[in-house]
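File shown here: data.pdb, holding PDB, C-alpha atoms.
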```
ATOM      1  CA  MET A 394       3.419 -14.557   6.992
ATOM      2  CA  SER A 395       1.593 -11.827   8.893
ATOM      3  CA  LEU A 396       1.973  -8.278   7.609
ATOM      4  CA  ALA A 397       4.906  -6.159   8.780
ATOM      5  CA  THR A 398       5.162  -2.375   9.114
ATOM      6  CA  ASN A 399       7.201  -0.117   6.861
ATOM      7  CA  LYS A 400       9.290   0.837   9.883
ATOM      8  CA  GLU A 401      10.303  -2.780  10.414
ATOM      9  CA  ILE A 402      10.962  -3.443   6.734
ATOM     10  CA  GLN A 403      12.945  -0.241   6.241
ATOM     11  CA  ALA A 404      14.981  -0.718   9.422
ATOM     12  CA  ASP A 405      16.148  -4.063   8.045
ATOM     13  CA  ALA A 406      16.915  -2.361   4.738
ATOM     14  CA  ARG A 407      19.059   0.276   6.413
ATOM     15  CA  ARG A 408      21.023  -2.382   8.295
ATOM     16  CA  GLY A 409      21.497  -4.329   5.072
ATOM     17  CA  ALA A 410      22.299  -1.263   2.906
ATOM     18  CA  TYR A 411      19.500  -1.870   0.400
ATOM     19  CA  ALA A 412      16.057  -0.413  -0.322
ATOM     20  CA  VAL A 413      12.597  -1.952  -0.591
ATOM     21  CA  GLY A 414      10.242  -1.230  -3.440
ATOM     22  CA  ALA A 415       6.775   0.148  -2.733
ATOM     23  CA  PHE A 416       4.568  -0.875  -5.645
ATOM     24  CA  ASN A 417       1.110   0.627  -6.089
ATOM     25  CA  THR A 418      -1.860  -1.658  -6.605
ATOM     26  CA  SER A 419      -5.541  -1.192  -7.330
ATOM     27  CA  ASN A 420      -6.674  -4.633  -8.529
ATOM     28  CA  LEU A 421      -6.151  -8.393  -8.505
ATOM     29  CA  GLU A 422      -3.576  -8.656 -11.301
ATOM     30  CA  ILE A 423      -1.265  -5.943  -9.947
ATOM     31  CA  THR A 424      -1.388  -7.469  -6.461
ATOM     32  CA  GLN A 425      -0.635 -10.919  -7.869
ATOM     33  CA  ALA A 426       2.349  -9.511  -9.760
ATOM     34  CA  ILE A 427       3.732  -7.822  -6.630
ATOM     35  CA  ILE A 428       3.279 -10.766  -4.262
ATOM     36  CA  GLU A 429       4.498 -13.417  -6.718
ATOM     37  CA  ALA A 430       7.576 -11.349  -7.572
ATOM     38  CA  ALA A 431       8.388 -10.897  -3.880
ATOM     39  CA  GLU A 432       8.195 -14.627  -3.209
ATOM     40  CA  GLU A 433      10.231 -15.576  -6.270
ATOM     41  CA  GLU A 434      12.903 -12.967  -5.538
ATOM     42  CA  ARG A 435      12.849 -13.711  -1.790
ATOM     43  CA  SER A 436      12.420  -9.975  -1.297
ATOM     44  CA  PRO A 437      10.540  -7.951   1.307
ATOM     45  CA  VAL A 438       7.961  -5.736  -0.350
ATOM     46  CA  ILE A 439       5.598  -2.842   0.348
ATOM     47  CA  VAL A 440       2.183  -3.002  -1.305
ATOM     48  CA  ALA A 441       1.017   0.590  -1.665
ATOM     49  CA  THR A 442      -2.541   1.812  -2.133
ATOM     50  CA  SER A 443      -3.561   5.353  -2.993
ATOM     51  CA  GLN A 444      -6.827   6.911  -1.849
ATOM     52  CA  SER A 445      -8.140   6.706  -5.408
ATOM     53  CA  ALA A 446      -7.174   3.011  -5.636
ATOM     54  CA  ILE A 447      -9.148   2.356  -2.460
ATOM     55  CA  ALA A 448     -12.143   4.219  -3.902
ATOM     56  CA  TYR A 449     -11.826   2.167  -7.102
ATOM     57  CA  ALA A 450     -11.493  -1.304  -5.590
ATOM     58  CA  GLY A 451     -13.101  -0.870  -2.188
ATOM     59  CA  ILE A 452     -11.272  -0.770   1.126
ATOM     60  CA  GLU A 453     -12.524  -4.173   2.316
ATOM     61  CA  VAL A 454     -11.611  -5.803  -0.997
ATOM     62  CA  LEU A 455      -8.062  -4.426  -1.085
ATOM     63  CA  ALA A 456      -7.457  -5.287   2.555
ATOM     64  CA  ALA A 457      -8.659  -8.874   2.113
ATOM     65  CA  LEU A 458      -6.812  -9.282  -1.191
ATOM     66  CA  VAL A 459      -3.407  -8.210   0.098
ATOM     67  CA  ARG A 460      -3.724  -9.964   3.452
ATOM     68  CA  THR A 461      -4.835 -13.248   1.889
ATOM     69  CA  MET A 462      -1.952 -13.263  -0.589
ATOM     70  CA  ALA A 463       0.634 -12.096   1.949
ATOM     71  CA  GLN A 464      -0.241 -14.920   4.340
ATOM     72  CA  LYS A 465       0.671 -17.476   1.678
ATOM     73  CA  ILE A 466       4.266 -16.322   1.227
ATOM     74  CA  SER A 467       7.236 -16.304   3.571
ATOM     75  CA  VAL A 468       8.761 -12.859   2.967
ATOM     76  CA  PRO A 469       7.819  -9.632   4.817
ATOM     77  CA  VAL A 470       4.940  -7.666   3.266
ATOM     78  CA  SER A 471       3.554  -4.313   4.343
ATOM     79  CA  LEU A 472       0.172  -2.863   3.361
ATOM     80  CA  HIS A 473       0.716   0.876   3.038
ATOM     81  CA  LEU A 474      -1.462   3.916   2.344
ATOM     82  CA  ASP A 475       0.322   6.151  -0.153
ATOM     83  CA  HIS A 476      -0.216   9.940  -0.085
ATOM     84  CA  GLY A 477      -2.975   9.999   2.479
ATOM     85  CA  THR A 478      -4.361  13.526   2.535
ATOM     86  CA  ASP A 479      -7.819  12.878   3.987
ATOM     87  CA  PHE A 480      -8.165  12.202   7.730
ATOM     88  CA  ASP A 481     -11.165   9.901   7.308
ATOM     89  CA  ALA A 482      -9.377   7.891   4.600
ATOM     90  CA  ILE A 483      -6.383   7.413   6.891
ATOM     91  CA  MET A 484      -8.608   6.339   9.771
ATOM     92  CA  GLY A 485     -10.352   3.889   7.441
ATOM     93  CA  CYS A 486      -7.054   2.249   6.580
ATOM     94  CA  ILE A 487      -6.123   1.998  10.249
ATOM     95  CA  ARG A 488      -9.453   0.318  11.024
ATOM     96  CA  HIS A 489      -9.180  -2.110   8.089
ATOM     97  CA  GLY A 490      -5.738  -3.504   8.829
ATOM     98  CA  TRP A 491      -3.194  -1.402   6.968
ATOM     99  CA  THR A 492       0.188  -1.659   8.687
ATOM    100  CA  SER A 493       1.555   1.677   7.527
ATOM    101  CA  VAL A 494       0.014   4.989   6.519
ATOM    102  CA  MET A 495       1.454   8.025   4.830
ATOM    103  CA  PHE A 496       0.136  11.405   5.814
ATOM    104  CA  ASP A 497       0.996  13.883   3.087
ATOM    105  CA  GLY A 498       0.804  17.365   4.560
ATOM    106  CA  SER A 499       3.539  18.692   2.281
ATOM    107  CA  HIS A 500       1.115  21.189   0.719
ATOM    108  CA  GLU A 501       0.652  22.877   4.092
ATOM    109  CA  PRO A 502       2.898  25.435   5.806
ATOM    110  CA  PHE A 503       5.595  23.828   7.945
ATOM    111  CA  ALA A 504       3.855  24.404  11.302
ATOM    112  CA  LYS A 505       0.529  23.014  10.089
ATOM    113  CA  ASN A 506       2.234  20.002   8.496
ATOM    114  CA  VAL A 507       3.938  19.327  11.831
ATOM    115  CA  SER A 508       0.778  19.587  13.924
ATOM    116  CA  ALA A 509      -1.321  17.444  11.557
ATOM    117  CA  THR A 510       1.419  14.814  11.295
ATOM    118  CA  GLN A 511       1.749  14.702  15.085
ATOM    119  CA  GLU A 512      -1.938  13.815  15.392
ATOM    120  CA  ILE A 513      -1.723  11.037  12.784
ATOM    121  CA  VAL A 514       1.410   9.666  14.457
ATOM    122  CA  ARG A 515      -0.320   9.624  17.850
ATOM    123  CA  ILE A 516      -3.311   7.682  16.543
ATOM    124  CA  ALA A 517      -1.396   5.322  14.248
ATOM    125  CA  HIS A 518       1.268   4.452  16.814
ATOM    126  CA  SER A 519      -1.404   3.624  19.377
ATOM    127  CA  ALA A 520      -2.766   1.104  16.848
ATOM    128  CA  GLY A 521       0.659  -0.363  16.077
ATOM    129  CA  LEU A 522       1.124   1.216  12.639
ATOM    130  CA  SER A 523       4.117   3.103  11.304
ATOM    131  CA  VAL A 524       3.754   6.565   9.745
ATOM    132  CA  GLU A 525       5.389   8.092   6.699
ATOM    133  CA  ALA A 526       5.302  11.856   6.317
ATOM    134  CA  GLU A 527       6.473  14.200   3.562
ATOM    135  CA  LEU A 528       8.438  17.426   3.568
ATOM    136  CA  GLY A 529       8.991  19.208   0.262
ATOM    137  CA  ARG A 530       6.840  18.673  -2.823
ATOM    138  CA  LEU A 531       7.295  16.625  -6.001
ATOM    139  CA  VAL A 532       6.286  17.995  -9.382
ATOM    140  CA  GLY A 533       3.785  15.952 -11.395
ATOM    141  CA  VAL A 534       0.526  14.054 -11.200
ATOM    142  CA  GLU A 535      -0.230  10.775  -9.394
ATOM    143  CA  ASP A 536      -3.882   9.887  -8.859
ATOM    144  CA  GLN A 537      -5.351  12.737  -6.781
ATOM    145  CA  ILE A 538      -1.961  14.451  -6.217
ATOM    146  CA  SER A 539      -1.072  17.233  -8.690
ATOM    147  CA  VAL A 540       1.810  19.664  -8.174
ATOM    148  CA  SER A 541       3.006  22.291 -10.650
ATOM    149  CA  GLU A 542       6.602  23.453 -11.149
ATOM    150  CA  ARG A 543       5.753  26.661  -9.299
ATOM    151  CA  GLU A 544       4.436  24.809  -6.244
ATOM    152  CA  ALA A 545       7.246  22.277  -6.024
ATOM    153  CA  ALA A 546       9.999  22.677  -3.430
ATOM    154  CA  LEU A 547      12.956  20.566  -2.460
ATOM    155  CA  THR A 548      13.284  19.345   1.119
ATOM    156  CA  ASP A 549      15.311  21.628   3.365
ATOM    157  CA  PRO A 550      17.791  19.506   5.395
ATOM    158  CA  GLU A 551      17.515  21.625   8.551
ATOM    159  CA  GLU A 552      13.717  21.620   8.386
ATOM    160  CA  ALA A 553      13.806  17.845   7.933
ATOM    161  CA  VAL A 554      15.698  17.399  11.204
ATOM    162  CA  ARG A 555      13.181  19.599  13.047
ATOM    163  CA  PHE A 556      10.203  17.949  11.365
ATOM    164  CA  VAL A 557      11.182  14.396  12.318
ATOM    165  CA  ALA A 558      12.066  15.407  15.878
ATOM    166  CA  GLU A 559       8.786  17.263  16.403
ATOM    167  CA  THR A 560       6.429  14.798  14.702
ATOM    168  CA  GLY A 561       7.933  11.439  15.650
ATOM    169  CA  CYS A 562       7.244  10.084  12.152
ATOM    170  CA  ASP A 563       8.914   6.765  11.376
ATOM    171  CA  THR A 564       9.803   7.456   7.753
ATOM    172  CA  LEU A 565      10.157  10.643   5.725
ATOM    173  CA  ALA A 566       9.567  11.192   2.021
ATOM    174  CA  VAL A 567      12.017  13.749   0.695
ATOM    175  CA  ALA A 568      11.978  15.852  -2.455
ATOM    176  CA  ILE A 569      15.356  15.902  -4.219
ATOM    177  CA  GLY A 570      14.259  16.471  -7.812
ATOM    178  CA  THR A 571      12.204  13.435  -8.811
ATOM    179  CA  SER A 572       8.591  13.825  -9.943
ATOM    180  CA  HIS A 573       5.386  11.839 -10.305
ATOM    181  CA  GLY A 574       4.123  10.494 -13.614
ATOM    182  CA  ALA A 575       5.809   9.491 -16.872
ATOM    183  CA  TYR A 576       7.201  12.897 -17.830
ATOM    184  CA  LYS A 577       9.726  13.547 -15.095
ATOM    185  CA  PHE A 578      12.439  15.550 -16.803
ATOM    186  CA  GLN A 579      13.067  17.851 -19.731
ATOM    187  CA  GLY A 580      16.636  17.068 -20.706
ATOM    188  CA  GLU A 581      18.934  15.193 -18.343
ATOM    189  CA  ALA A 582      17.790  14.007 -14.920
ATOM    190  CA  LYS A 583      19.143  16.229 -12.174
ATOM    191  CA  LEU A 584      18.746  14.887  -8.661
ATOM    192  CA  ASP A 585      20.195  16.797  -5.703
ATOM    193  CA  PHE A 586      22.325  14.072  -4.150
ATOM    194  CA  GLU A 587      24.216  16.548  -1.971
ATOM    195  CA  ARG A 588      20.895  17.545  -0.403
ATOM    196  CA  LEU A 589      19.997  13.893   0.157
ATOM    197  CA  GLU A 590      23.342  13.243   1.815
ATOM    198  CA  MET A 591      22.801  16.164   4.196
ATOM    199  CA  ILE A 592      19.297  14.960   5.083
ATOM    200  CA  ALA A 593      20.487  11.398   5.671
ATOM    201  CA  ARG A 594      23.249  12.597   8.001
ATOM    202  CA  GLY A 595      20.879  14.597  10.174
ATOM    203  CA  VAL A 596      17.596  12.674  10.197
ATOM    204  CA  ALA A 597      16.952   9.590  12.315
ATOM    205  CA  ALA A 598      13.865   8.459  10.381
ATOM    206  CA  GLN A 599      14.073   6.126   7.394
ATOM    207  CA  LEU A 600      14.045   7.979   4.071
ATOM    208  CA  VAL A 601      11.709   7.494   1.116
ATOM    209  CA  LEU A 602      12.069   8.417  -2.556
ATOM    210  CA  HIS A 603       8.831   9.074  -4.421
ATOM    211  CA  GLY A 604       8.478   9.502  -8.188
ATOM    212  CA  ALA A 605      11.209   6.957  -8.845
ATOM    213  CA  SER A 606       9.983   5.084 -11.947
ATOM    214  CA  SER A 607      12.554   4.851 -14.725
ATOM    215  CA  VAL A 608      10.070   4.892 -17.657
ATOM    216  CA  ILE A 609      11.894   1.926 -19.204
ATOM    217  CA  PRO A 610      12.690   2.767 -22.857
ATOM    218  CA  GLU A 611      12.002  -0.719 -24.241
ATOM    219  CA  ILE A 612       8.573  -0.812 -22.622
ATOM    220  CA  LEU A 613       7.764   2.696 -23.781
ATOM    221  CA  GLU A 614       8.807   1.772 -27.324
ATOM    222  CA  LYS A 615       6.555  -1.300 -27.300
ATOM    223  CA  ALA A 616       3.585   0.655 -25.988
ATOM    224  CA  ASN A 617       3.978   3.279 -28.697
ATOM    225  CA  ALA A 618       4.442   0.605 -31.355
ATOM    226  CA  TYR A 619       1.028  -0.807 -30.477
ATOM    227  CA  GLY A 620      -0.839   2.464 -30.484
ATOM    228  CA  ALA A 621       0.012   4.335 -27.305
ATOM    229  CA  GLN A 622       0.858   8.027 -27.561
ATOM    230  CA  LEU A 623       3.565   8.518 -24.961
ATOM    231  CA  SER A 624       6.377  10.247 -26.816
ATOM    232  CA  GLY A 625       8.676  12.320 -24.653
ATOM    233  CA  ALA A 626       8.124  10.310 -21.471
ATOM    234  CA  LYS A 627      11.270  10.112 -19.379
ATOM    235  CA  GLY A 628      12.100   8.719 -15.935
ATOM    236  CA  VAL A 629      14.844   8.404 -13.342
ATOM    237  CA  PRO A 630      17.931   6.525 -14.588
ATOM    238  CA  PRO A 631      18.568   3.256 -12.703
ATOM    239  CA  GLU A 632      22.052   4.386 -11.709
ATOM    240  CA  ASP A 633      20.547   7.443  -9.984
ATOM    241  CA  ILE A 634      18.205   5.182  -8.024
ATOM    242  CA  GLN A 635      21.138   3.066  -6.884
ATOM    243  CA  ARG A 636      23.087   6.159  -5.848
ATOM    244  CA  ALA A 637      20.114   7.383  -3.802
ATOM    245  CA  VAL A 638      19.952   3.997  -2.059
ATOM    246  CA  HIS A 639      23.671   4.182  -1.355
ATOM    247  CA  LEU A 640      23.109   7.587   0.282
ATOM    248  CA  GLY A 641      20.369   6.359   2.610
ATOM    249  CA  ILE A 642      17.052   5.849   0.816
ATOM    250  CA  THR A 643      15.393   2.664   2.127
ATOM    251  CA  LYS A 644      12.011   2.823   0.346
ATOM    252  CA  VAL A 645      11.539   3.545  -3.358
ATOM    253  CA  ASN A 646       8.054   4.198  -4.742
ATOM    254  CA  ILE A 647       7.239   2.741  -8.175
ATOM    255  CA  ASP A 648       3.897   3.089  -9.926
ATOM    256  CA  THR A 649       4.318   4.524 -13.427
ATOM    257  CA  ASP A 650       6.623   1.705 -14.560
ATOM    258  CA  LEU A 651       3.929  -0.848 -13.683
ATOM    259  CA  ARG A 652       1.250   1.103 -15.534
ATOM    260  CA  LEU A 653       3.461   1.345 -18.608
ATOM    261  CA  ALA A 654       4.348  -2.364 -18.475
ATOM    262  CA  PHE A 655       0.682  -3.315 -18.238
ATOM    263  CA  THR A 656      -0.251  -0.945 -21.056
ATOM    264  CA  ALA A 657       2.480  -2.170 -23.389
ATOM    265  CA  ALA A 658       1.800  -5.871 -22.753
ATOM    266  CA  THR A 659      -1.977  -5.685 -23.099
ATOM    267  CA  ARG A 660      -1.739  -3.565 -26.244
ATOM    268  CA  GLU A 661       0.697  -6.065 -27.744
ATOM    269  CA  PHE A 662      -1.476  -9.026 -26.733
ATOM    270  CA  LEU A 663      -4.622  -7.524 -28.199
ATOM    271  CA  GLY A 664      -2.775  -6.579 -31.373
ATOM    272  CA  THR A 665      -1.295 -10.034 -31.885
ATOM    273  CA  HIS A 666      -4.252 -12.128 -30.666
ATOM    274  CA  PRO A 667      -7.284 -10.584 -32.387
ATOM    275  CA  LYS A 668      -9.473 -13.643 -31.824
ATOM    276  CA  ILE A 669      -8.996 -13.849 -28.051
ATOM    277  CA  PHE A 670     -11.623 -12.184 -25.882
ATOM    278  CA  ASP A 671     -10.966 -13.889 -22.545
ATOM    279  CA  PRO A 672     -10.282 -11.086 -20.001
ATOM    280  CA  ARG A 673      -8.117 -13.424 -17.940
ATOM    281  CA  LYS A 674      -5.688 -13.963 -20.804
ATOM    282  CA  ILE A 675      -5.632 -10.292 -21.716
ATOM    283  CA  ALA A 676      -5.083  -9.105 -18.140
ATOM    284  CA  GLY A 677      -2.714 -12.023 -17.547
ATOM    285  CA  ALA A 678      -0.348 -10.692 -20.184
ATOM    286  CA  GLY A 679      -0.222  -7.393 -18.339
ATOM    287  CA  ARG A 680       0.297  -9.146 -15.017
ATOM    288  CA  GLU A 681       3.328 -11.075 -16.272
ATOM    289  CA  ALA A 682       4.858  -7.912 -17.716
ATOM    290  CA  MET A 683       4.435  -6.076 -14.417
ATOM    291  CA  LYS A 684       5.881  -9.024 -12.520
ATOM    292  CA  ALA A 685       9.013  -8.969 -14.681
ATOM    293  CA  VAL A 686       9.453  -5.240 -13.999
ATOM    294  CA  ILE A 687       8.965  -5.703 -10.248
ATOM    295  CA  LYS A 688      11.553  -8.475 -10.077
ATOM    296  CA  ALA A 689      14.046  -6.321 -11.962
ATOM    297  CA  LYS A 690      13.397  -3.443  -9.546
ATOM    298  CA  MET A 691      14.021  -5.697  -6.549
ATOM    299  CA  GLN A 692      17.341  -6.707  -8.036
ATOM    300  CA  LEU A 693      18.199  -3.064  -8.730
ATOM    301  CA  LEU A 694      17.382  -2.007  -5.155
ATOM    302  CA  GLY A 695      19.344  -4.893  -3.677
ATOM    303  CA  SER A 696      16.365  -6.393  -1.817
ATOM    304  CA  SER A 697      16.381  -9.714  -3.694
ATOM    305  CA  GLY A 698      17.402 -12.524  -1.351
ATOM    306  CA  LYS A 699      16.827 -10.354   1.738
ATOM    307  CA  GLY A 700      13.427 -11.806   2.661
TER     308      GLY A 700
END
```
Rewrite the structure from the file as structure tokens, please.
Amino acid sequence: MSLATNKEIQADARRGAYAVGAFNTSNLEITQAIIEAAEEERSPVIVATSQSAIAYAGIEVLAALVRTMAQKISVPVSLHLDHGTDFDAIMGCIRHGWTSVMFDGSHEPFAKNVSATQEIVRIAHSAGLSVEAELGRLVGVEDQISVSEREAALTDPEEAVRFVAETGCDTLAVAIGTSHGAYKFQGEAKLDFERLEMIARGVAAQLVLHGASSVIPEILEKANAYGAQLSGAKGVPPEDIQRAVHLGITKVNIDTDLRLAFTAATREFLGTHPKIFDPRKIAGAGREAMKAVIKAKMQLLGSSGKG
């Protein structure tokens, strides 16, 4: 199947009252896990690539990898740039066949974020791509994005209405208390669902939740048992994700949970198979663990069977 845009995938999700997972990739095994899970779950899926992932794997390689795999399955797949902050990087994705780009101008003052987003929207729409923008900032670290507690701000509902109207963005990432990375909360998770409800009532664009990994306890325990040092990591409870979807989120970004699954599985494999040195078997263990997590996320978001 040819690639779809996020706008198309998320519009279907809104009509069907579910959300679609956006899973970050940077190599062969992660992409295999995402695409195979989507086909087996009959779920639409968004394959996300950060700027650092593109620098790591190469823009031509990632484009060819995702497109080749997506053409072999029958469910909708989007190739999406996550947290694009560099104009040239965004233009590169547009030229190389991405179907959706995110421009993250959330670090800028409101007026500058609006004007920069307007320009990206103009260019991307002329090329047939959809555009995700961000208003409000998430705490934490993800690849080249790093935001401290002091810099973080939740999305203002009234500003969100103005921002979408003035920029024409197709989807909007909102900050309601989630964060990037594996250490999302100290104490109990506290997401501002009332704020999300207000945004969803006023904004026409599809809504996106970043920083939504759950830091699955069983996977974290396995990773630590085989030598990882990740004590204190904590994510978003699954029931909070489902509530956010119920209130209007149609795209949920997941990266940390895949990294943890890969780490735990490869550490376990190496620890229990000391004589094996075949990279395919080692990486394959990580791929299968990520695939299991992705399928579970699709079921959680309600996208299974919707492809």
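Considering all atoms listed in the file, the residue among A:Gly414, A:Gly485, A:Gly529, A:Gly620 positioned nearest to Asn646 in chain A is A:Gly414.
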Fill in: Counting only C-alpha atoms, the residue of A:Tyr411, A:Phe586, A:Phe480, A:Phe416 that sits nearest Gln444 in chain A
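Selected residue with least distance to Gln444 in chain A: A:Phe480.
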Point (20.6, 13.3, 7.3), cut-off 12 Å, counting all atoms listed in the file, residues as a PDB file with C-alpha atoms, in the frame of the given file:
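Written file, part-v2.pdb:
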```
ATOM      1  CA  THR A 548      13.284  19.345   1.119  1.00  0.00           C
ATOM      2  CA  ASP A 549      15.311  21.628   3.365  1.00  0.00           C
ATOM      3  CA  PRO A 550      17.791  19.506   5.395  1.00  0.00           C
ATOM      4  CA  GLU A 551      17.515  21.625   8.551  1.00  0.00           C
ATOM      5  CA  GLU A 552      13.717  21.620   8.386  1.00  0.00           C
ATOM      6  CA  ALA A 553      13.806  17.845   7.933  1.00  0.00           C
ATOM      7  CA  VAL A 554      15.698  17.399  11.204  1.00  0.00           C
ATOM      8  CA  ARG A 555      13.181  19.599  13.047  1.00  0.00           C
ATOM      9  CA  VAL A 557      11.182  14.396  12.318  1.00  0.00           C
ATOM     10  CA  LEU A 565      10.157  10.643   5.725  1.00  0.00           C
ATOM     11  CA  VAL A 567      12.017  13.749   0.695  1.00  0.00           C
ATOM     12  CA  PHE A 586      22.325  14.072  -4.150  1.00  0.00           C
ATOM     13  CA  GLU A 587      24.216  16.548  -1.971  1.00  0.00           C
ATOM     14  CA  ARG A 588      20.895  17.545  -0.403  1.00  0.00           C
ATOM     15  CA  LEU A 589      19.997  13.893   0.157  1.00  0.00           C
ATOM     16  CA  GLU A 590      23.342  13.243   1.815  1.00  0.00           C
ATOM     17  CA  MET A 591      22.801  16.164   4.196  1.00  0.00           C
ATOM     18  CA  ILE A 592      19.297  14.960   5.083  1.00  0.00           C
ATOM     19  CA  ALA A 593      20.487  11.398   5.671  1.00  0.00           C
ATOM     20  CA  ARG A 594      23.249  12.597   8.001  1.00  0.00           C
ATOM     21  CA  GLY A 595      20.879  14.597  10.174  1.00  0.00           C
ATOM     22  CA  VAL A 596      17.596  12.674  10.197  1.00  0.00           C
ATOM     23  CA  ALA A 597      16.952   9.590  12.315  1.00  0.00           C
ATOM     24  CA  ALA A 598      13.865   8.459  10.381  1.00  0.00           C
ATOM     25  CA  GLN A 599      14.073   6.126   7.394  1.00  0.00           C
ATOM     26  CA  LEU A 600      14.045   7.979   4.071  1.00  0.00           C
ATOM     27  CA  LEU A 640      23.109   7.587   0.282  1.00  0.00           C
ATOM     28  CA  GLY A 641      20.369   6.359   2.610  1.00  0.00           C
ATOM     29  CA  ILE A 642      17.052   5.849   0.816  1.00  0.00           C
TER      30      ILE A 642
END
```
Discussion item. Please compute the CA of Asn417 in chain A-CA of Val440 in chain A distance, one decimal, in Å.
Written reply: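 Between CA of Asn417 in chain A and CA of Val440 in chain A the gap is 6.1 Å.
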Worksheet item: Given the file above and the PyMOL selection byres ((chain A and resi 689-698) around 8), which residues are selected, and can you give them as a PyMOL selection string?
Response: chain A and resi 406+411-414+434-437+631+634-635+638+685-688+699-700
Discussion item. As a list in words, please: the residues near range 418-427 of chain A (cut-off 6 Å, all atoms listed in the file, same-chain neighbours under 2 positions excluded).
Written reply: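 Here the qualifying residues turn out to be Glu429, Ala430, Thr442, Ala446, Arg680 and Lys684 of chain A.
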Residues selected by the PyMOL selection byres ((chain A and resi 474) around 6), written as an mmCIF file with C-alpha atoms, in the frame of the given file:
```cif
data_model
loop_
_atom_site.group_PDB
_atom_site.id
_atom_site.type_symbol
_atom_site.label_atom_id
_atom_site.label_comp_id
_atom_site.auth_asym_id
_atom_site.auth_seq_id
_atom_site.Cartn_x
_atom_site.Cartn_y
_atom_site.Cartn_z
ATOM 1 C CA ALA A 441 1.017 0.590 -1.665
ATOM 2 C CA THR A 442 -2.541 1.812 -2.133
ATOM 3 C CA SER A 443 -3.561 5.353 -2.993
ATOM 4 C CA HIS A 473 0.716 0.876 3.038
ATOM 5 C CA ASP A 475 0.322 6.151 -0.153
ATOM 6 C CA VAL A 494 0.014 4.989 6.519
ATOM 7 C CA MET A 495 1.454 8.025 4.830
#
```
Around range 626-632 of chain A, with edges along x, y and z and 3 Å added on all six sides, what centre and edge lengths do you get, in Å to one decimal, as lines of an AutoDock Vina configuration file?
```
center_x = 15.1
center_y = 6.8
center_z = -16.6
size_x = 19.9
size_y = 13.1
size_z = 15.8
```
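Closest approach to Gly664 in chain A from the set A:Ser471, A:Thr492, A:Asp585, A:Ala616 is made by A:Ala616, with distances taken over all atoms listed in the file.
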Test item: the PyMOL selection byres ((chain A and resi 481-483) around 12) resolved as a PDB file with C-alpha atoms, keeping the file's coordinate frame:
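Final output, selection23.pdb:
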```pdb
ATOM      1  CA  THR A 442      -2.541   1.812  -2.133  1.00  0.00           C
ATOM      2  CA  SER A 443      -3.561   5.353  -2.993  1.00  0.00           C
ATOM      3  CA  GLN A 444      -6.827   6.911  -1.849  1.00  0.00           C
ATOM      4  CA  SER A 445      -8.140   6.706  -5.408  1.00  0.00           C
ATOM      5  CA  ALA A 446      -7.174   3.011  -5.636  1.00  0.00           C
ATOM      6  CA  ILE A 447      -9.148   2.356  -2.460  1.00  0.00           C
ATOM      7  CA  ALA A 448     -12.143   4.219  -3.902  1.00  0.00           C
ATOM      8  CA  GLY A 451     -13.101  -0.870  -2.188  1.00  0.00           C
ATOM      9  CA  ILE A 452     -11.272  -0.770   1.126  1.00  0.00           C
ATOM     10  CA  HIS A 473       0.716   0.876   3.038  1.00  0.00           C
ATOM     11  CA  LEU A 474      -1.462   3.916   2.344  1.00  0.00           C
ATOM     12  CA  ASP A 475       0.322   6.151  -0.153  1.00  0.00           C
ATOM     13  CA  HIS A 476      -0.216   9.940  -0.085  1.00  0.00           C
ATOM     14  CA  GLY A 477      -2.975   9.999   2.479  1.00  0.00           C
ATOM     15  CA  THR A 478      -4.361  13.526   2.535  1.00  0.00           C
ATOM     16  CA  ASP A 479      -7.819  12.878   3.987  1.00  0.00           C
ATOM     17  CA  PHE A 480      -8.165  12.202   7.730  1.00  0.00           C
ATOM     18  CA  MET A 484      -8.608   6.339   9.771  1.00  0.00           C
ATOM     19  CA  GLY A 485     -10.352   3.889   7.441  1.00  0.00           C
ATOM     20  CA  CYS A 486      -7.054   2.249   6.580  1.00  0.00           C
ATOM     21  CA  ILE A 487      -6.123   1.998  10.249  1.00  0.00           C
ATOM     22  CA  ARG A 488      -9.453   0.318  11.024  1.00  0.00           C
ATOM     23  CA  HIS A 489      -9.180  -2.110   8.089  1.00  0.00           C
ATOM     24  CA  GLY A 490      -5.738  -3.504   8.829  1.00  0.00           C
ATOM     25  CA  TRP A 491      -3.194  -1.402   6.968  1.00  0.00           C
ATOM     26  CA  THR A 492       0.188  -1.659   8.687  1.00  0.00           C
ATOM     27  CA  SER A 493       1.555   1.677   7.527  1.00  0.00           C
ATOM     28  CA  VAL A 494       0.014   4.989   6.519  1.00  0.00           C
ATOM     29  CA  MET A 495       1.454   8.025   4.830  1.00  0.00           C
ATOM     30  CA  PHE A 496       0.136  11.405   5.814  1.00  0.00           C
ATOM     31  CA  ASP A 497       0.996  13.883   3.087  1.00  0.00           C
ATOM     32  CA  THR A 510       1.419  14.814  11.295  1.00  0.00           C
ATOM     33  CA  GLU A 512      -1.938  13.815  15.392  1.00  0.00           C
ATOM     34  CA  ILE A 513      -1.723  11.037  12.784  1.00  0.00           C
ATOM     35  CA  VAL A 514       1.410   9.666  14.457  1.00  0.00           C
ATOM     36  CA  ILE A 516      -3.311   7.682  16.543  1.00  0.00           C
ATOM     37  CA  ALA A 517      -1.396   5.322  14.248  1.00  0.00           C
ATOM     38  CA  LEU A 522       1.124   1.216  12.639  1.00  0.00           C
ATOM     39  CA  VAL A 524       3.754   6.565   9.745  1.00  0.00           C
ATOM     40  CA  GLU A 525       5.389   8.092   6.699  1.00  0.00           C
TER      41      GLU A 525
END
```
Practice prompt. Record the distance separating CA of Gly498 in chain A and CA of Gln511 in chain A, expressed in Å with one decimal.
Written response: 10.9 Å
Worksheet item: CA of Lys615 in chain A to CA of Tyr449 in chain A: how many Å, to one decimal?
Response: 27.5 Å
